[in-house]
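First comes the structure, then the notes that go with it.
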Amino acid sequence: MPEKERVGIPRARDAKNNLFEREAVDESPQPFVKPLLCGGCTAPVVAVPGSTRRSGAGSVSVIPYYRLKSRDEHDHDEGCRYHFDERVGDIATEYRQEIERDADTYLLILRDPQSLAGPEDDEGEDNDGREVRTDVETAGGAALHPTIQAARAIARLLRHFRNDPAAQARFKASYQGVRIAWEDFFFDAEHDAPSLAARLLDTSQYPIAVLGRATLVQPFKNGDGRSVHLQTPPGAKGPDGRWVNAVLRASQPRFLGYEADDVILGYGNWQLYPESGGARVDARLWCDVGSATIKFE
Ligand SMILES: [Zn+2]
């Protein structure tokens with residue numbers, strides 16, 4: 001049986017006990033002293049250079065990585081942070097209500113953002129507009145919903161594996177029975193602003209997750225409410241030629257209790273505003289529950 005493409009080990013330890021990232025494999029000369037061990041345990045590994053592989057119509061570039069020398073002789077030690085299958089298994093177990101396994105693919109089941117409300121979200125303001133509770137909603141989303149927690153866990157794992165395409169390919173989102181590629185569900189505002197805009201211009205919509213670093217936290221001009229701008233690359237344009245910003249907005253400031261430089265994940269029905277016209281467009285998430293966002297780092 002052909003083995004599913006292995007997820008590369010992103011880091012190795014050399015004979016002098018120094019750690020090397022995957023990029024070191026392609027350096028000339030290679031900076032490490034062989035033999036190499038897994039960066040997370042004592043399993044021997046070998047370095048695999050980056051390459052370009054022909055595939056169907058085009059070519060696919062494969063990033064350099066480390067792989068086990070012999071899984072039969074010495075697999076990862078138990079609990080190794082770079083044992084991909086084990087670490088995925090941990091997440092799937094922790095979020096078993098949210099993540100379904102289908103052979104080698106893990107599906108994050110997307111719930112409707114309306115169902116995100118947690119117990120704390122029901123407690124609003126009293127009649128004077130004074131907040132009833134001020135001690136609970138720290139850093140947004142005390143009422144953490146499992147969907148966004150599971151999305152965060154997967155995104156952290158992928159980041160841990162340096163966003164290896166082979167790792168990303170193991171995850172999909174699923175909304176009302178339709179499977180969605182991970183890159184069409186999860187967007188990093190700092191890199192993916194153009195594809196985020198393209199996604200939101202599409203006629204078929206579903207909840208998505210957007211990750212970003214807060215650059216600006218400000219109150220609404222007319223008083224109540226707060227907006228948080230996420231970092232996007234300067235000059236990033238969507239397919240309609242407009243510059244794209246990514247912005248979280250909430251009428252209750254406590255739902256966006258963040259500070260500049262916080263890294264935030266926002267899950268829900270992101271939309272473009274305005275829908276058309278102008279030189280700029282916001283990819284916006286309206287946060288009417290505290291659990292629409294979560295701190296990522
Ligand atoms: Zn290992």
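Identifiers for the structure tokens are assigned positionally: chains receive A, B, ... in sequence, residues are indexed from 1 per chain, and ligands are indexed from 1 in the order shown.
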
#### Entry: Within 12 Å of ligand 1, counting only C-alpha atoms and all ligand atoms, residues as a PyMOL selection string
chain A and resi 8-13+36-45+66-69+71+74-87

### Task
Could you give me, as a PyMOL selection string, the residues within 12 Å of range 178-180 of chain A, counting only C-alpha atoms and dropping anything in the same chain fewer than 3 positions from it?
chain A and resi 100+102+105-110+169-175+183-186+199+204-208

With C-alpha atoms retained, export the selected residues as a PDB file, in the first residue's frame.
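Written file, selection31.pdb:
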```pdb
ATOM      1  CA  GLU A 100     -13.873  13.991  12.627  1.00  0.00           C
ATOM      2  CA  ASP A 102     -11.756  10.215   7.680  1.00  0.00           C
ATOM      3  CA  THR A 105      -7.897  13.447   6.746  1.00  0.00           C
ATOM      4  CA  TYR A 106      -9.097  15.391   9.767  1.00  0.00           C
ATOM      5  CA  LEU A 107     -12.280  17.425   9.360  1.00  0.00           C
ATOM      6  CA  LEU A 108     -13.018  20.439  11.512  1.00  0.00           C
ATOM      7  CA  ILE A 109     -16.803  20.623  11.729  1.00  0.00           C
ATOM      8  CA  LEU A 110     -17.789  24.279  11.372  1.00  0.00           C
ATOM      9  CA  ALA A 169      -3.187  18.779   3.402  1.00  0.00           C
ATOM     10  CA  ARG A 170      -4.232  16.513   6.272  1.00  0.00           C
ATOM     11  CA  PHE A 171      -6.851  19.036   7.454  1.00  0.00           C
ATOM     12  CA  LYS A 172     -10.099  20.200   5.973  1.00  0.00           C
ATOM     13  CA  ALA A 173     -13.068  22.130   7.264  1.00  0.00           C
ATOM     14  CA  SER A 174     -16.602  20.862   6.800  1.00  0.00           C
ATOM     15  CA  TYR A 175     -19.686  23.057   6.674  1.00  0.00           C
ATOM     16  CA  GLU A 183      -6.424  27.236   2.878  1.00  0.00           C
ATOM     17  CA  ASP A 184      -9.981  28.211   1.906  1.00  0.00           C
ATOM     18  CA  PHE A 185     -11.019  28.253   5.561  1.00  0.00           C
ATOM     19  CA  PHE A 186      -8.047  29.609   7.470  1.00  0.00           C
ATOM     20  CA  ARG A 199     -12.902  34.239  -0.802  1.00  0.00           C
ATOM     21  CA  SER A 204     -20.764  30.682  -1.800  1.00  0.00           C
ATOM     22  CA  GLN A 205     -20.142  31.647   1.794  1.00  0.00           C
ATOM     23  CA  TYR A 206     -19.394  29.788   4.999  1.00  0.00           C
ATOM     24  CA  PRO A 207     -17.746  30.755   8.290  1.00  0.00           C
ATOM     25  CA  ILE A 208     -14.014  31.309   8.069  1.00  0.00           C
TER      26      ILE A 208
END
```

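Near Gln30 in chain A, within 12 Å and counting only C-alpha atoms, sit Asp14, Phe20, Glu21, Arg22, Glu23, Ala24, Val25, Asp26, Glu27, Val33, Lys34, Leu36, Ala47, Val48 and Pro49 of chain A; same-chain residues fewer than 3 positions away were not included.
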
### Query
How would you write, as a VMD selection string, the set of residues in range 43-188 of chain A that DSSP gives as strand (DSSP E)?
chain A and resid 44 to 48 51 to 55 58 to 62 65 to 68 99 to 102 105 to 109 171 to 175 178 to 181 186 to 188

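Distance check against Phe296 in chain A using only C-alpha atoms: of A:Arg249, A:Arg6, A:Arg254, A:Arg213, the minimum falls on A:Arg213.
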
### Task
Point out the residue among A:Leu248, A:Leu200, A:Leu19, A:Ile63 with the least atom-to-atom distance to Val289 in chain A, counting only C-alpha atoms.
A:Leu248

Skipping near chain neighbours, those fewer than 3 positions away, what residues fall within 10 Å of Thr147 in chain A using only C-alpha atoms, listed as a JSON list (two decimals) with N, CA and C atoms, in the first residue's frame?
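Everything below was put into around_14.json:
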```
[["chain", "number", "residue", "atom", "x", "y", "z"],
["A", 95, "TYR", "N", -10.57, 17.44, 21.06],
["A", 95, "TYR", "CA", -11.74, 18.09, 20.44],
["A", 95, "TYR", "C", -12.57, 17.08, 19.67],
["A", 97, "GLN", "N", -15.55, 16.31, 19.68],
["A", 97, "GLN", "CA", -16.85, 16.77, 19.20],
["A", 97, "GLN", "C", -16.71, 17.64, 17.94],
["A", 98, "GLU", "N", -15.53, 18.17, 17.74],
["A", 98, "GLU", "CA", -15.35, 19.16, 16.66],
["A", 98, "GLU", "C", -14.59, 18.60, 15.48],
["A", 99, "ILE", "N", -13.79, 17.56, 15.72],
["A", 99, "ILE", "CA", -12.91, 17.05, 14.66],
["A", 99, "ILE", "C", -13.27, 15.60, 14.35],
["A", 108, "LEU", "N", -12.51, 19.55, 10.47],
["A", 108, "LEU", "CA", -13.02, 20.44, 11.51],
["A", 108, "LEU", "C", -14.46, 20.79, 11.15],
["A", 109, "ILE", "N", -15.39, 20.38, 12.00],
["A", 109, "ILE", "CA", -16.80, 20.62, 11.73],
["A", 109, "ILE", "C", -17.14, 22.07, 12.11],
["A", 110, "LEU", "N", -17.51, 22.87, 11.12],
["A", 110, "LEU", "CA", -17.79, 24.28, 11.37],
["A", 110, "LEU", "C", -19.21, 24.45, 11.87],
["A", 111, "ARG", "N", -19.34, 25.04, 13.03],
["A", 111, "ARG", "CA", -20.67, 25.32, 13.55],
["A", 111, "ARG", "C", -21.06, 26.74, 13.18],
["A", 112, "ASP", "N", -22.35, 26.97, 13.20],
["A", 112, "ASP", "CA", -22.83, 28.30, 12.89],
["A", 112, "ASP", "C", -22.35, 29.29, 13.94],
["A", 113, "PRO", "N", -21.85, 30.43, 13.49],
["A", 113, "PRO", "CA", -21.38, 31.43, 14.45],
["A", 113, "PRO", "C", -22.45, 31.83, 15.46],
["A", 116, "LEU", "N", -22.30, 30.30, 18.67],
["A", 116, "LEU", "CA", -21.07, 30.51, 19.43],
["A", 116, "LEU", "C", -21.31, 31.09, 20.80],
["A", 144, "LEU", "N", -15.22, 30.66, 25.54],
["A", 144, "LEU", "CA", -14.55, 30.07, 24.39],
["A", 144, "LEU", "C", -15.35, 28.93, 23.81],
["A", 150, "ALA", "N", -10.72, 24.58, 18.63],
["A", 150, "ALA", "CA", -10.16, 23.49, 17.82],
["A", 150, "ALA", "C", -9.42, 24.06, 16.61],
["A", 151, "ALA", "N", -9.98, 25.13, 16.01],
["A", 151, "ALA", "CA", -9.31, 25.77, 14.87],
["A", 151, "ALA", "C", -7.96, 26.32, 15.31],
["A", 152, "ARG", "N", -7.94, 26.89, 16.51],
["A", 152, "ARG", "CA", -6.68, 27.42, 17.01],
["A", 152, "ARG", "C", -5.67, 26.30, 17.26],
["A", 153, "ALA", "N", -6.13, 25.20, 17.82],
["A", 153, "ALA", "CA", -5.22, 24.09, 18.10],
["A", 153, "ALA", "C", -4.60, 23.56, 16.80],
["A", 267, "TYR", "N", -13.38, 34.05, 14.24],
["A", 267, "TYR", "CA", -14.13, 33.04, 13.50],
["A", 267, "TYR", "C", -15.57, 33.49, 13.31],
["A", 291, "SER", "N", -17.20, 35.24, 22.14],
["A", 291, "SER", "CA", -16.49, 34.05, 21.71],
["A", 291, "SER", "C", -16.26, 34.01, 20.21],
["A", 292, "ALA", "N", -16.46, 35.13, 19.49],
["A", 292, "ALA", "CA", -16.14, 35.17, 18.07],
["A", 292, "ALA", "C", -14.63, 35.31, 17.85]]
```

### Query
What separation in Å, quoted to one decimal, exists between CA of Pro194 in chain A and CA of Arg162 in chain A?
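Result for CA of Pro194 in chain A versus CA of Arg162 in chain A: 21.2 Å, one decimal.
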
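For the pair CA of Val217 in chain A and CA of Ala193 in chain A, the interatomic distance is 19.2 Å.
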